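Novice: Before I ask anything, let me first share the structure, which is written out below as structure tokens.
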Amino acid sequence: MRCVLGIGNPGREYERTRHNCGFLVIDELARRHGVGSWSTKWKAHLAEIGLGDQRVLLIKPQTYVNLSGEAAQAVLAFYKLAPADLLVIVDDINLALGDLRLRPSGSAGGHNGLKDIEARIGQAYPRLRVGIGAPTSAEAQIGHVLGGFAPDEQADAQAMIAKAADCAEGWVRDGVSVSCRFNGPLRPPPPRVRPPKATPADGVEPPPA
């Protein structure tokens with residue numbers, strides 16, 4: 001079995017906020033695989049899907065972001081799984097909107113949800129960071145992460161959620177190393193335009209080489 005846990009806050013007021021991108025990716029996976037209902041256990045909403053020959057448990061902790069590790073620890077203990085069998089999907093203000101970064105392990109990077117998971121199961125679990133863009137200032141951070149995407153960001157946010165769900169499915173099938181191909185911006189940067197090569201003016205001989 002593999003497990004995919006999205007970090008987020010329960011409650012309607014948080015449903016479409018930047019901080020709930022982990023939940024949004026889980027919801028997209030549930031939609032794709034026809035999840036009709038969720039069960040509640042270990043202070044989390046749970047649903048099981050099949051992907052190839054793998055059983056996959058989708059997890060949405062209901063303890064708020066700061067206690068996300070409770071559900072992660074309980075699920076791994078019950079199914080006797082290693083941290084490497086758990087993919088955590090988390091929002092990241094240090095990545096531009098649309099950027100993805102999948103890693104096999106690492107530090108919490110200041111995110112309170114990852115800090116709690118790390119305190120309970122260590123650092124050796126894969127995590128998929130989903131870029132939500134940086135706030136305008138440190139003072140604006142709380143309002144930024146607990147706010148929704150602006151109207152002109154909606155299309156990119158939806159495309160990012162879909163790409164993150166593709167990455168999570170790839171992780172289940174192929175593991176981290178192959179699924180790192182999803183890393184990077186939502187779309188490739190525009191090609192660099194090189195200035196035209198200077199040519200001698202008409203009727204003027206170029207200087208000798």
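Chain labels follow the order of the structure tokens: the first chain is A, the next B, and so on; residue numbering restarts at 1 in every chain, and ligands are counted from 1 in their shown order.
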Using only C-alpha atoms, which residues sit within 12 Å of Leu95 of chain A once same-chain residues fewer than 5 positions away are excluded, as JSON, numbers by chain?
Specialist: {"A": [90, 100, 101, 109, 128, 129, 130, 131, 132, 133, 134, 135, 183, 184, 185, 186]}
Novice: Do a neighbour search on Lys115 of chain A at 12 Å with only C-alpha atoms, toss out local chain neighbours closer than 2 positions, and write the hits as a list in words.
Specialist: Ile7, Val65, Asn66, Leu67, Ser68, Gly69, Glu70, Val90, Gly106, Ser107, Ala108, Gly109, Gly110, His111, Asn112, Gly113, Ile117, Glu118, Ala119, Arg120, Ile121, Gly122 and Gln123 of chain A
Novice: Neighbouring residues of Trp42 of chain A were defined as those with any atom within 8 Å, considering only C-alpha atoms; residues of the same chain fewer than 6 positions away were excluded. Please report them as a list in words.
Specialist: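 Residues meeting the cut-off are Glu70, Ala71, Ala74 and Val75 of chain A.
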Novice: Quick one: residues within 12 Å of Trp171 of chain A, only C-alpha atoms counted, chain neighbours fewer than 5 positions away excluded, as a ChimeraX atom specification?
Specialist: /A:2-4,51,54,56,84-89,102-104,126-128,164-166,176-182
Novice: Would you mind listing what lies within 10 Å of Gly36 of chain A as a list in words, with only C-alpha atoms counted and same-chain residues fewer than 4 positions away left out?
Specialist: Ala30, Arg31 and Ala47 of chain A
Novice: What is the distance between atom CA of Ala140 of chain A and atom CA of Ile93 of chain A, in Å to one decimal?
Specialist: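 Answer for the atom CA of Ala140 of chain A to atom CA of Ile93 of chain A separation: 11.7 Å.
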Novice: Using only C-alpha atoms, which protein or nucleic acid residues come within 8 Å of Arg16 of chain A? Drop anything in the same chain fewer than 3 positions from it, and give the result as a compact mmCIF listing (two decimals) with C-alpha atoms, in the first residue's frame.
Specialist:
# COMPACT_ATOMS: atom_id res chain seq x y z
CA GLU A 13 -13.82 28.81 5.24
CA ASN A 20 -5.14 24.00 1.47
CA CYS A 21 -3.39 23.08 -1.76
CA LEU A 24 -7.06 20.29 -3.26
CA GLY A 148 -7.73 32.44 -1.91
CA PHE A 149 -6.11 32.75 -5.29
Novice: So, with only C-alpha atoms as the atoms that count, which of A:Arg173, A:Leu146, A:Ala168, A:Glu28 lies closest to Glu15 of chain A?
Specialist: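 Of A:Arg173, A:Leu146, A:Ala168, A:Glu28, the one nearest Glu15 of chain A is A:Leu146, counting only C-alpha atoms.
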Novice: Which of these, A:Val172, A:Asp91, A:Asp156, A:Pro151, has the shortest distance to Arg18 of chain A once you count only C-alpha atoms?
Specialist: A:Asp91
Novice: Just to confirm, what's the straight-line distance from atom CA of Tyr64 of chain A to atom CA of Pro10 of chain A in Å (one decimal)?
Specialist: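 Atom-to-atom, atom CA of Tyr64 of chain A to atom CA of Pro10 of chain A, that is 6.3 Å.
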